[in-house]
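**Student:** Please see the structure below; I have some questions.
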Amino acid sequence: MTAAPPAPPPDLGTPAGRYRMMRLIREFDTLALEWERAGEIPGGIHPYLGQEAVAVGVCAALAPGDQLTSTHRGHGHVLAKGADPARLLAELAGREAGLNRGRGGSMHAADVSLGILGANGMVGAGAAVAVGAAWAARRFGRDTVVACFFGDGALNQGVLLEALNLASVRRAPVVFVCENNGYATTLPAAAAVGGSALGRAAAFAVPAVAVDGMDADAVHRAAAEAVARARSGGGPGFLECRTYRFEGHHTMERRLRLTYRSEQEVALWRTRDPLDRLRPRIPEADRIDAEVAGRLRAAAAWALAAPRPDPAGAGDFLYAVGPPARPGVSP
Ligand SMILES: Cc1ncc(C[n+]2csc(CCOP(=O)(O)OP(=O)(O)O)c2C)c(N)n1
């Protein structure tokens, strides 16, 4: 097996760099949708299409040593923090060369060396991990920050409220990022969220701001402020990014022919496409598009050629290996 095609660290410091990453996420998930239809990805995916400005705007405000926790809709977060797209594709396709040796799949991609503490299939669960990591960083004297992504569906999870409280009283350097795309599966936020996202943060005295989640620059500005405050000991922050997913909740949705959003609503949000919005300001956009397409082609070819794990190793990595049992004490 040859090494993965080179994956340069993302440069999100310029509008062109942010555009390049948004294009990569857009094309990555478009390809993942094709692979899912072709049967290359077991279990389906939750496409991030439409929400690219949130992942990129927030990750542009993070330093390489910072960390993040992600969700079931995690490809955008993981790529924007610098994961190798070839290894993430291999992970989705269940290959040994994948980010997590093909065992994690779409919803459990992680690369701790890059500060990616993991996508997470349990709604809201990343918040507990984020506060733990942030609190630990402070106790060990590091000045790193953790970005915690979650959807509007997590606003009603007890773990998120506990995490907000603990982060507030411990001044843990967490930036809570609510991607409010208006729906939890098929349930509209308006029918499910008593109060509001900003109200949840206010209840725990966590400074919060709502931003246009279709505008990478607006997200970046708000995230940079919250990250700087958290890094300098000012405690957690909260961003409500108002955004939209262009595709269904999960790839199963098309097959089930669910109709909970009107065509007009989807079409209206598509006119606010975050890539179209930034593109006119990027003179080299055509070149970037071609470069991203080439990079993904190479990544896809490499990932599909990668071997699948040996079934005999299906039980590997399930349990942490602890210290040897003491004599006379059963393990
Ligand atoms: C604890 C828990 N409850 C329920 C589910 C089933 N579930 C998976 S995704 C989802 C909706 C999540 O909506 P939201 O948090 O708004 O994120 P989005 O899908 O919109 O990105 C639900 C209820 C789950 N995975 N975990």
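So you can find residues: chains in the structure tokens are A, B, ... in the order shown, residues in each start at 1, and ligands are numbered from 1 in order.
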Got a sec to check which residues lie within 6 Å of ligand 1, using only C-alpha atoms and all ligand atoms, and send them as an NGL selection string?

**Tutor:** :A and (73 or 121-123 or 150-154 or 181 or 183-185 or 249)

**Student:** Identify, on the basis of only C-alpha atoms, every residue whose closest approach to Phe317 (chain A) does not exceed 12 Å; exclude the query and any residue fewer than 2 positions from it along the same chain; express the result as a PyMOL selection string.

**Tutor:** chain A and resi 100-104+313-315+319-321

**Student:** Looking only at the backbone, which of the residues in region 1-123 of chain A does DSSP tag as alpha helix (DSSP H), as a PyMOL selection string?

**Tutor:** chain A and resi 15-37+52-59+75-80+85-92

**Student:** Any chance you could list, as a ChimeraX atom specification, the residues in region 97-199 of chain A that come up strand (DSSP E or B) when DSSP is run on the backbone?

**Tutor:** /A:111,116,146-151,174-180,183-184,187-188

**Student:** Kindly save the residues from that selection, with N, CA and C atoms included, as a PDB file, in the first residue's frame.

**Tutor:**
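Written output follows (out_27.pdb):
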```pdb
ATOM      1  N   ASP A 111      -8.854  12.018  15.037  1.00  0.00           N
ATOM      2  CA  ASP A 111      -7.397  12.045  14.869  1.00  0.00           C
ATOM      3  C   ASP A 111      -6.855  12.913  15.994  1.00  0.00           C
ATOM      4  N   ILE A 116      -8.518  16.379  16.955  1.00  0.00           N
ATOM      5  CA  ILE A 116      -9.887  15.963  16.612  1.00  0.00           C
ATOM      6  C   ILE A 116     -10.269  14.843  17.582  1.00  0.00           C
ATOM      7  N   VAL A 146     -11.034  24.361  23.207  1.00  0.00           N
ATOM      8  CA  VAL A 146     -11.785  23.272  22.551  1.00  0.00           C
ATOM      9  C   VAL A 146     -13.045  23.853  21.909  1.00  0.00           C
ATOM     10  N   ALA A 147     -13.226  23.582  20.629  1.00  0.00           N
ATOM     11  CA  ALA A 147     -14.478  23.953  19.947  1.00  0.00           C
ATOM     12  C   ALA A 147     -15.410  22.752  20.013  1.00  0.00           C
ATOM     13  N   CYS A 148     -16.629  22.989  20.473  1.00  0.00           N
ATOM     14  CA  CYS A 148     -17.601  21.902  20.655  1.00  0.00           C
ATOM     15  C   CYS A 148     -18.774  22.123  19.705  1.00  0.00           C
ATOM     16  N   PHE A 149     -18.834  21.319  18.647  1.00  0.00           N
ATOM     17  CA  PHE A 149     -19.919  21.459  17.658  1.00  0.00           C
ATOM     18  C   PHE A 149     -21.113  20.600  18.081  1.00  0.00           C
ATOM     19  N   PHE A 150     -22.303  21.131  17.901  1.00  0.00           N
ATOM     20  CA  PHE A 150     -23.524  20.342  18.132  1.00  0.00           C
ATOM     21  C   PHE A 150     -24.676  21.003  17.368  1.00  0.00           C
ATOM     22  N   GLY A 151     -25.760  20.255  17.194  1.00  0.00           N
ATOM     23  CA  GLY A 151     -26.912  20.786  16.452  1.00  0.00           C
ATOM     24  C   GLY A 151     -27.989  21.306  17.380  1.00  0.00           C
ATOM     25  N   VAL A 174     -13.903  26.483  26.454  1.00  0.00           N
ATOM     26  CA  VAL A 174     -14.689  25.789  25.420  1.00  0.00           C
ATOM     27  C   VAL A 174     -15.470  26.834  24.635  1.00  0.00           C
ATOM     28  N   VAL A 175     -15.489  26.689  23.329  1.00  0.00           N
ATOM     29  CA  VAL A 175     -16.404  27.496  22.521  1.00  0.00           C
ATOM     30  C   VAL A 175     -17.493  26.548  22.027  1.00  0.00           C
ATOM     31  N   PHE A 176     -18.685  26.730  22.559  1.00  0.00           N
ATOM     32  CA  PHE A 176     -19.834  25.907  22.163  1.00  0.00           C
ATOM     33  C   PHE A 176     -20.362  26.452  20.835  1.00  0.00           C
ATOM     34  N   VAL A 177     -20.465  25.573  19.850  1.00  0.00           N
ATOM     35  CA  VAL A 177     -20.910  26.016  18.524  1.00  0.00           C
ATOM     36  C   VAL A 177     -22.196  25.277  18.165  1.00  0.00           C
ATOM     37  N   CYS A 178     -23.321  25.963  18.298  1.00  0.00           N
ATOM     38  CA  CYS A 178     -24.605  25.364  17.941  1.00  0.00           C
ATOM     39  C   CYS A 178     -24.853  25.601  16.454  1.00  0.00           C
ATOM     40  N   GLU A 179     -24.917  24.523  15.681  1.00  0.00           N
ATOM     41  CA  GLU A 179     -25.250  24.653  14.255  1.00  0.00           C
ATOM     42  C   GLU A 179     -26.753  24.495  14.149  1.00  0.00           C
ATOM     43  N   ASN A 180     -27.425  25.615  14.200  1.00  0.00           N
ATOM     44  CA  ASN A 180     -28.889  25.575  14.154  1.00  0.00           C
ATOM     45  C   ASN A 180     -29.346  25.542  12.696  1.00  0.00           C
ATOM     46  N   TYR A 183     -33.642  21.890  12.075  1.00  0.00           N
ATOM     47  CA  TYR A 183     -34.298  20.576  12.219  1.00  0.00           C
ATOM     48  C   TYR A 183     -33.430  19.602  12.999  1.00  0.00           C
ATOM     49  N   ALA A 184     -34.091  18.784  13.823  1.00  0.00           N
ATOM     50  CA  ALA A 184     -33.438  17.612  14.407  1.00  0.00           C
ATOM     51  C   ALA A 184     -34.117  16.416  13.742  1.00  0.00           C
ATOM     52  N   LEU A 187     -37.790  16.931  12.877  1.00  0.00           N
ATOM     53  CA  LEU A 187     -38.510  17.770  13.859  1.00  0.00           C
ATOM     54  C   LEU A 187     -38.021  19.221  13.777  1.00  0.00           C
ATOM     55  N   PRO A 188     -38.924  20.148  13.439  1.00  0.00           N
ATOM     56  CA  PRO A 188     -38.475  21.550  13.345  1.00  0.00           C
ATOM     57  C   PRO A 188     -38.086  22.081  14.725  1.00  0.00           C
TER      58      PRO A 188
END
```

**Student:** Write out as a PyMOL selection string which residues come within 8 Å of region 81-93 of chain A when counting only C-alpha atoms, dropping same-chain ones fewer than 5 positions away.

**Tutor:** chain A and resi 4-5+7+9-10+28+32+40-42+59+64+98-106+109+111+114-116+296+298-300+302-304+306

**Student:** Please dump the current selection as a compact mmCIF listing (two decimals), in the first residue's frame; keep N, CA, C and O atoms.

**Tutor:**
```
# COMPACT_ATOMS: atom_id res chain seq x y z
N ALA A 4 -0.67 7.73 1.61
CA ALA A 4 -1.79 8.54 1.13
C ALA A 4 -1.26 9.73 0.35
O ALA A 4 -0.15 10.20 0.59
N PRO A 5 -2.05 10.23 -0.65
CA PRO A 5 -1.61 11.43 -1.37
C PRO A 5 -1.32 12.54 -0.36
O PRO A 5 -1.98 12.61 0.67
N ALA A 7 -1.15 15.51 2.11
CA ALA A 7 -2.22 16.33 2.68
C ALA A 7 -1.60 17.54 3.37
O ALA A 7 -1.22 17.46 4.53
N PRO A 9 -1.14 20.91 5.47
CA PRO A 9 -2.00 21.44 6.54
C PRO A 9 -2.89 22.53 5.99
O PRO A 9 -2.46 23.30 5.12
N PRO A 10 -4.14 22.60 6.44
CA PRO A 10 -5.03 23.61 5.87
C PRO A 10 -4.57 25.02 6.25
O PRO A 10 -4.10 25.24 7.35
N PHE A 28 -16.12 16.75 -1.15
CA PHE A 28 -15.94 15.50 -0.37
C PHE A 28 -17.30 14.86 -0.11
O PHE A 28 -17.51 13.67 -0.38
N ALA A 32 -19.02 11.48 -1.31
CA ALA A 32 -19.48 10.49 -0.32
C ALA A 32 -20.92 10.08 -0.62
O ALA A 32 -21.28 8.90 -0.46
N GLU A 40 -20.47 1.74 -1.56
CA GLU A 40 -19.09 1.73 -1.05
C GLU A 40 -19.02 2.08 0.43
O GLU A 40 -18.01 1.83 1.08
N ILE A 41 -20.07 2.75 0.95
CA ILE A 41 -20.04 3.21 2.35
C ILE A 41 -21.12 2.47 3.13
O ILE A 41 -22.31 2.73 2.92
N PRO A 42 -20.72 1.59 4.01
CA PRO A 42 -21.75 0.88 4.79
C PRO A 42 -22.38 1.84 5.81
O PRO A 42 -21.71 2.70 6.38
N CYS A 59 -13.00 26.74 12.59
CA CYS A 59 -11.65 26.16 12.59
C CYS A 59 -10.60 27.19 12.18
O CYS A 59 -9.44 27.09 12.60
N PRO A 64 -3.29 25.26 15.73
CA PRO A 64 -3.10 23.82 15.48
C PRO A 64 -3.22 22.97 16.75
O PRO A 64 -3.72 21.85 16.71
N GLY A 98 -7.82 3.70 6.80
CA GLY A 98 -8.66 4.83 7.21
C GLY A 98 -8.15 5.49 8.48
O GLY A 98 -7.31 4.94 9.20
N LEU A 99 -8.69 6.65 8.72
CA LEU A 99 -8.28 7.46 9.88
C LEU A 99 -8.31 6.63 11.16
O LEU A 99 -7.49 6.81 12.05
N ASN A 100 -9.27 5.74 11.28
CA ASN A 100 -9.40 4.91 12.48
C ASN A 100 -9.43 3.43 12.11
O ASN A 100 -10.23 2.66 12.64
N ARG A 101 -8.60 3.13 11.10
CA ARG A 101 -8.39 1.76 10.64
C ARG A 101 -9.69 1.10 10.18
O ARG A 101 -9.87 -0.11 10.29
N GLY A 102 -10.62 1.96 9.69
CA GLY A 102 -11.86 1.45 9.11
C GLY A 102 -12.87 0.97 10.13
O GLY A 102 -13.93 0.48 9.76
N ARG A 103 -12.55 1.14 11.42
CA ARG A 103 -13.47 0.63 12.46
C ARG A 103 -14.49 1.69 12.88
O ARG A 103 -15.55 1.35 13.41
N GLY A 104 -14.16 2.97 12.72
CA GLY A 104 -15.04 4.02 13.24
C GLY A 104 -16.14 4.39 12.26
O GLY A 104 -17.28 4.62 12.65
N GLY A 105 -15.78 4.47 10.99
CA GLY A 105 -16.76 4.87 9.98
C GLY A 105 -17.08 6.35 10.08
O GLY A 105 -16.45 7.11 10.82
N SER A 106 -18.11 6.73 9.34
CA SER A 106 -18.45 8.14 9.19
C SER A 106 -18.66 8.84 10.53
O SER A 106 -18.23 9.96 10.73
N ALA A 109 -15.12 9.37 13.27
CA ALA A 109 -13.80 9.73 12.79
C ALA A 109 -13.08 10.57 13.85
O ALA A 109 -13.66 11.49 14.43
N ASP A 111 -8.85 12.02 15.04
CA ASP A 111 -7.40 12.05 14.87
C ASP A 111 -6.85 12.91 15.99
O ASP A 111 -6.77 14.13 15.88
N LEU A 114 -4.27 15.61 15.70
CA LEU A 114 -4.68 16.90 15.13
C LEU A 114 -5.66 17.63 16.06
O LEU A 114 -6.22 18.66 15.68
N GLY A 115 -5.90 17.08 17.22
CA GLY A 115 -6.86 17.70 18.15
C GLY A 115 -8.30 17.35 17.84
O GLY A 115 -9.22 17.92 18.41
N ILE A 116 -8.52 16.38 16.95
CA ILE A 116 -9.89 15.96 16.61
C ILE A 116 -10.27 14.84 17.58
O ILE A 116 -9.86 13.69 17.42
N LEU A 296 -9.09 15.43 -4.74
CA LEU A 296 -10.09 14.43 -4.33
C LEU A 296 -10.04 13.19 -5.22
O LEU A 296 -10.24 12.08 -4.74
N ALA A 298 -7.42 11.93 -6.61
CA ALA A 298 -6.29 11.12 -6.15
C ALA A 298 -6.64 10.44 -4.82
O ALA A 298 -6.34 9.26 -4.61
N ALA A 299 -7.30 11.18 -3.94
CA ALA A 299 -7.67 10.63 -2.63
C ALA A 299 -8.62 9.45 -2.80
O ALA A 299 -8.48 8.42 -2.14
N ALA A 300 -9.59 9.60 -3.70
CA ALA A 300 -10.60 8.56 -3.89
C ALA A 300 -9.96 7.29 -4.46
O ALA A 300 -10.26 6.18 -4.00
N TRP A 302 -6.90 6.33 -4.20
CA TRP A 302 -6.07 5.71 -3.16
C TRP A 302 -6.94 4.96 -2.15
O TRP A 302 -6.66 3.82 -1.78
N ALA A 303 -8.02 5.60 -1.71
CA ALA A 303 -8.87 5.00 -0.66
C ALA A 303 -9.52 3.70 -1.17
O ALA A 303 -9.59 2.71 -0.44
N LEU A 304 -9.98 3.71 -2.43
CA LEU A 304 -10.66 2.52 -2.94
C LEU A 304 -9.71 1.36 -3.19
O LEU A 304 -10.12 0.20 -3.21
N ALA A 306 -7.30 0.69 -1.18
CA ALA A 306 -6.78 0.25 0.13
C ALA A 306 -7.47 -1.04 0.57
O ALA A 306 -8.67 -1.21 0.34
```

**Student:** I'd like the contact shell of Asp215 (chain A) - 9 Å cut-off, only C-alpha atoms, skipping same-chain residues fewer than 6 positions apart - returned as a PDB file with N, CA and C atoms, in the first residue's frame.

**Tutor:**
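Now in result35.pdb:
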```
ATOM      1  N   ALA A  53     -19.678  26.816   5.931  1.00  0.00           N
ATOM      2  CA  ALA A  53     -19.137  28.062   6.492  1.00  0.00           C
ATOM      3  C   ALA A  53     -18.944  27.968   8.000  1.00  0.00           C
ATOM      4  N   VAL A  54     -19.704  27.088   8.651  1.00  0.00           N
ATOM      5  CA  VAL A  54     -19.592  26.988  10.111  1.00  0.00           C
ATOM      6  C   VAL A  54     -18.276  26.293  10.477  1.00  0.00           C
ATOM      7  N   GLY A  57     -15.334  28.569   9.302  1.00  0.00           N
ATOM      8  CA  GLY A  57     -15.213  29.811  10.069  1.00  0.00           C
ATOM      9  C   GLY A  57     -14.697  29.567  11.471  1.00  0.00           C
ATOM     10  N   ARG A 272     -28.585  31.109  -0.674  1.00  0.00           N
ATOM     11  CA  ARG A 272     -27.640  31.684   0.298  1.00  0.00           C
ATOM     12  C   ARG A 272     -26.395  30.801   0.451  1.00  0.00           C
ATOM     13  N   ASP A 273     -26.146  29.986  -0.557  1.00  0.00           N
ATOM     14  CA  ASP A 273     -25.018  29.051  -0.547  1.00  0.00           C
ATOM     15  C   ASP A 273     -23.720  29.752  -0.091  1.00  0.00           C
ATOM     16  N   PRO A 274     -23.076  29.219   0.956  1.00  0.00           N
ATOM     17  CA  PRO A 274     -21.880  29.899   1.487  1.00  0.00           C
ATOM     18  C   PRO A 274     -20.707  29.956   0.503  1.00  0.00           C
ATOM     19  N   LEU A 275     -20.646  29.000  -0.438  1.00  0.00           N
ATOM     20  CA  LEU A 275     -19.552  29.063  -1.418  1.00  0.00           C
ATOM     21  C   LEU A 275     -19.824  30.146  -2.454  1.00  0.00           C
ATOM     22  N   ARG A 277     -21.407  32.723  -2.057  1.00  0.00           N
ATOM     23  CA  ARG A 277     -21.278  34.023  -1.406  1.00  0.00           C
ATOM     24  C   ARG A 277     -19.832  34.516  -1.384  1.00  0.00           C
ATOM     25  N   LEU A 278     -18.918  33.588  -1.137  1.00  0.00           N
ATOM     26  CA  LEU A 278     -17.505  33.978  -1.024  1.00  0.00           C
ATOM     27  C   LEU A 278     -16.818  34.028  -2.389  1.00  0.00           C
TER      28      LEU A 278
END
```

**Student:** Return as JSON lines the residues of region 67-144 of chain A lying at most 9 Å from region 229-244 of chain A, together with the closest atom-to-atom pair for each and the distance in Å to one decimal, counting only C-alpha atoms, with rows in chain order and ascending residue number.

**Tutor:**
```
{"residue": "A:Arg138", "atom": "CA", "partner": "A:Gly233", "partner_atom": "CA", "distance": 8.8}
{"residue": "A:Asp143", "atom": "CA", "partner": "A:Arg231", "partner_atom": "CA", "distance": 5.7}
{"residue": "A:Thr144", "atom": "CA", "partner": "A:Arg231", "partner_atom": "CA", "distance": 6.3}
```

**Student:** Give me, as JSON, numbers by chain, all polymer residues having an atom no more than 9 Å from Leu24 (chain A), counting only C-alpha atoms and skipping those fewer than 4 positions away in the same chain.

**Tutor:** {"A": [19, 20, 28, 29, 76, 79, 85, 289, 292, 293, 295, 296]}

**Student:** For N, CA and C atoms, I'd like the residues from the last selection saved as a PDB file, in the first residue's frame.

**Tutor:**
```pdb
ATOM      1  N   TYR A  19     -12.105  29.507   1.301  1.00  0.00           N
ATOM      2  CA  TYR A  19     -12.880  29.041   0.139  1.00  0.00           C
ATOM      3  C   TYR A  19     -12.407  27.639  -0.279  1.00  0.00           C
ATOM      4  N   ARG A  20     -11.071  27.458  -0.311  1.00  0.00           N
ATOM      5  CA  ARG A  20     -10.529  26.151  -0.724  1.00  0.00           C
ATOM      6  C   ARG A  20     -11.065  25.036   0.194  1.00  0.00           C
ATOM      7  N   PHE A  28     -16.117  16.747  -1.149  1.00  0.00           N
ATOM      8  CA  PHE A  28     -15.944  15.501  -0.374  1.00  0.00           C
ATOM      9  C   PHE A  28     -17.304  14.862  -0.113  1.00  0.00           C
ATOM     10  N   ASP A  29     -18.249  15.652   0.407  1.00  0.00           N
ATOM     11  CA  ASP A  29     -19.538  15.047   0.747  1.00  0.00           C
ATOM     12  C   ASP A  29     -20.375  14.726  -0.492  1.00  0.00           C
ATOM     13  N   GLY A  76     -17.253  17.792   7.790  1.00  0.00           N
ATOM     14  CA  GLY A  76     -16.773  19.170   7.611  1.00  0.00           C
ATOM     15  C   GLY A  76     -15.855  19.599   8.742  1.00  0.00           C
ATOM     16  N   LEU A  79     -12.426  17.660   8.449  1.00  0.00           N
ATOM     17  CA  LEU A  79     -11.576  18.137   7.351  1.00  0.00           C
ATOM     18  C   LEU A  79     -11.023  19.526   7.664  1.00  0.00           C
ATOM     19  N   PRO A  85      -8.071  14.035   3.691  1.00  0.00           N
ATOM     20  CA  PRO A  85      -9.293  13.561   3.030  1.00  0.00           C
ATOM     21  C   PRO A  85      -9.177  12.128   2.510  1.00  0.00           C
ATOM     22  N   ASP A 289     -10.855  25.436  -7.552  1.00  0.00           N
ATOM     23  CA  ASP A 289     -11.827  24.363  -7.805  1.00  0.00           C
ATOM     24  C   ASP A 289     -11.152  23.175  -8.507  1.00  0.00           C
ATOM     25  N   VAL A 292      -8.790  21.331  -6.099  1.00  0.00           N
ATOM     26  CA  VAL A 292      -9.517  20.502  -5.127  1.00  0.00           C
ATOM     27  C   VAL A 292     -10.039  19.242  -5.817  1.00  0.00           C
ATOM     28  N   ALA A 293     -10.567  19.412  -7.040  1.00  0.00           N
ATOM     29  CA  ALA A 293     -11.103  18.250  -7.770  1.00  0.00           C
ATOM     30  C   ALA A 293      -9.992  17.225  -8.000  1.00  0.00           C
ATOM     31  N   ARG A 295      -7.243  16.846  -6.259  1.00  0.00           N
ATOM     32  CA  ARG A 295      -6.826  16.262  -4.975  1.00  0.00           C
ATOM     33  C   ARG A 295      -7.801  15.167  -4.535  1.00  0.00           C
ATOM     34  N   LEU A 296      -9.086  15.435  -4.741  1.00  0.00           N
ATOM     35  CA  LEU A 296     -10.086  14.432  -4.332  1.00  0.00           C
ATOM     36  C   LEU A 296     -10.043  13.194  -5.218  1.00  0.00           C
TER      37      LEU A 296
END
```

**Student:** For the atom pair CA of Val131 (chain A) and CA of Ala172 (chain A), what is the interatomic distance in Å to one decimal place?

**Tutor:**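 Going from CA of Val131 (chain A) over to CA of Ala172 (chain A), I get 6.5 Å.
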
**Student:** Within 12 Å of Leu166 (chain A), counting only C-alpha atoms, which residues qualify if same-chain residues fewer than 6 places away don't, as a ChimeraX atom specification?

**Tutor:** /A:127-132,134-135,159-160,172-174,204-206,235-236

**Student:** Save out the residues we just selected, N, CA and C atoms, as a PDB file, in the first residue's frame.

**Tutor:**
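part.pdb written:
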```
ATOM      1  N   ALA A 127     -20.258  17.353  24.090  1.00  0.00           N
ATOM      2  CA  ALA A 127     -20.124  18.481  25.021  1.00  0.00           C
ATOM      3  C   ALA A 127     -19.402  18.048  26.301  1.00  0.00           C
ATOM      4  N   ALA A 128     -19.698  16.835  26.776  1.00  0.00           N
ATOM      5  CA  ALA A 128     -19.029  16.356  27.991  1.00  0.00           C
ATOM      6  C   ALA A 128     -17.539  16.137  27.722  1.00  0.00           C
ATOM      7  N   VAL A 129     -17.240  15.590  26.539  1.00  0.00           N
ATOM      8  CA  VAL A 129     -15.838  15.358  26.176  1.00  0.00           C
ATOM      9  C   VAL A 129     -15.109  16.704  26.071  1.00  0.00           C
ATOM     10  N   ALA A 130     -15.770  17.686  25.464  1.00  0.00           N
ATOM     11  CA  ALA A 130     -15.134  18.995  25.245  1.00  0.00           C
ATOM     12  C   ALA A 130     -14.794  19.665  26.575  1.00  0.00           C
ATOM     13  N   VAL A 131     -15.737  19.644  27.504  1.00  0.00           N
ATOM     14  CA  VAL A 131     -15.472  20.310  28.784  1.00  0.00           C
ATOM     15  C   VAL A 131     -14.376  19.568  29.543  1.00  0.00           C
ATOM     16  N   GLY A 132     -14.399  18.240  29.487  1.00  0.00           N
ATOM     17  CA  GLY A 132     -13.343  17.468  30.150  1.00  0.00           C
ATOM     18  C   GLY A 132     -11.979  17.813  29.577  1.00  0.00           C
ATOM     19  N   ALA A 134     -11.078  20.524  27.935  1.00  0.00           N
ATOM     20  CA  ALA A 134     -10.718  21.923  28.195  1.00  0.00           C
ATOM     21  C   ALA A 134     -10.276  22.113  29.644  1.00  0.00           C
ATOM     22  N   TRP A 135     -10.995  21.500  30.522  1.00  0.00           N
ATOM     23  CA  TRP A 135     -10.669  21.594  31.943  1.00  0.00           C
ATOM     24  C   TRP A 135      -9.290  20.970  32.207  1.00  0.00           C
ATOM     25  N   VAL A 159     -27.030  16.525  28.906  1.00  0.00           N
ATOM     26  CA  VAL A 159     -25.565  16.575  28.973  1.00  0.00           C
ATOM     27  C   VAL A 159     -25.046  17.938  28.502  1.00  0.00           C
ATOM     28  N   LEU A 160     -25.726  18.546  27.543  1.00  0.00           N
ATOM     29  CA  LEU A 160     -25.266  19.856  27.066  1.00  0.00           C
ATOM     30  C   LEU A 160     -25.430  20.905  28.171  1.00  0.00           C
ATOM     31  N   ALA A 172     -13.872  26.890  31.915  1.00  0.00           N
ATOM     32  CA  ALA A 172     -13.191  25.993  30.966  1.00  0.00           C
ATOM     33  C   ALA A 172     -13.176  26.638  29.575  1.00  0.00           C
ATOM     34  N   PRO A 173     -12.025  26.576  28.906  1.00  0.00           N
ATOM     35  CA  PRO A 173     -11.901  27.224  27.591  1.00  0.00           C
ATOM     36  C   PRO A 173     -12.582  26.427  26.471  1.00  0.00           C
ATOM     37  N   VAL A 174     -13.903  26.483  26.454  1.00  0.00           N
ATOM     38  CA  VAL A 174     -14.689  25.789  25.420  1.00  0.00           C
ATOM     39  C   VAL A 174     -15.470  26.834  24.635  1.00  0.00           C
ATOM     40  N   PHE A 204     -26.587  30.080  31.970  1.00  0.00           N
ATOM     41  CA  PHE A 204     -25.353  29.670  32.656  1.00  0.00           C
ATOM     42  C   PHE A 204     -24.294  30.766  32.598  1.00  0.00           C
ATOM     43  N   ALA A 205     -24.717  31.988  32.267  1.00  0.00           N
ATOM     44  CA  ALA A 205     -23.807  33.147  32.189  1.00  0.00           C
ATOM     45  C   ALA A 205     -22.649  32.910  31.224  1.00  0.00           C
ATOM     46  N   VAL A 206     -22.950  32.226  30.129  1.00  0.00           N
ATOM     47  CA  VAL A 206     -21.942  32.026  29.084  1.00  0.00           C
ATOM     48  C   VAL A 206     -22.223  33.053  27.976  1.00  0.00           C
ATOM     49  N   GLY A 235     -13.046  32.207  30.112  1.00  0.00           N
ATOM     50  CA  GLY A 235     -14.140  31.240  30.206  1.00  0.00           C
ATOM     51  C   GLY A 235     -14.784  30.936  28.869  1.00  0.00           C
ATOM     52  N   PRO A 236     -15.843  30.129  28.924  1.00  0.00           N
ATOM     53  CA  PRO A 236     -16.443  29.625  27.680  1.00  0.00           C
ATOM     54  C   PRO A 236     -17.213  30.701  26.908  1.00  0.00           C
TER      55      PRO A 236
END
```

**Student:** Any idea what's packed within 12 Å of Gly248 (chain A), counting only C-alpha atoms, ignoring anything in its chain fewer than 2 positions away? Could you give it as JSON, numbers by chain?

**Tutor:** {"A": [33, 44, 45, 46, 47, 48, 49, 50, 73, 181, 183, 184, 185, 186, 244, 245, 246, 250, 251, 252, 253, 254, 255, 256, 257, 258, 259, 260, 261, 266]}

**Student:** Given only C-alpha atoms as the basis, pick out the residue of A:Thr14, A:Leu318, A:Met107, A:Glu96 nearest to Gly43 (chain A).

**Tutor:**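 Going through A:Thr14, A:Leu318, A:Met107, A:Glu96 one by one, the smallest distance to Gly43 (chain A) is for A:Met107.
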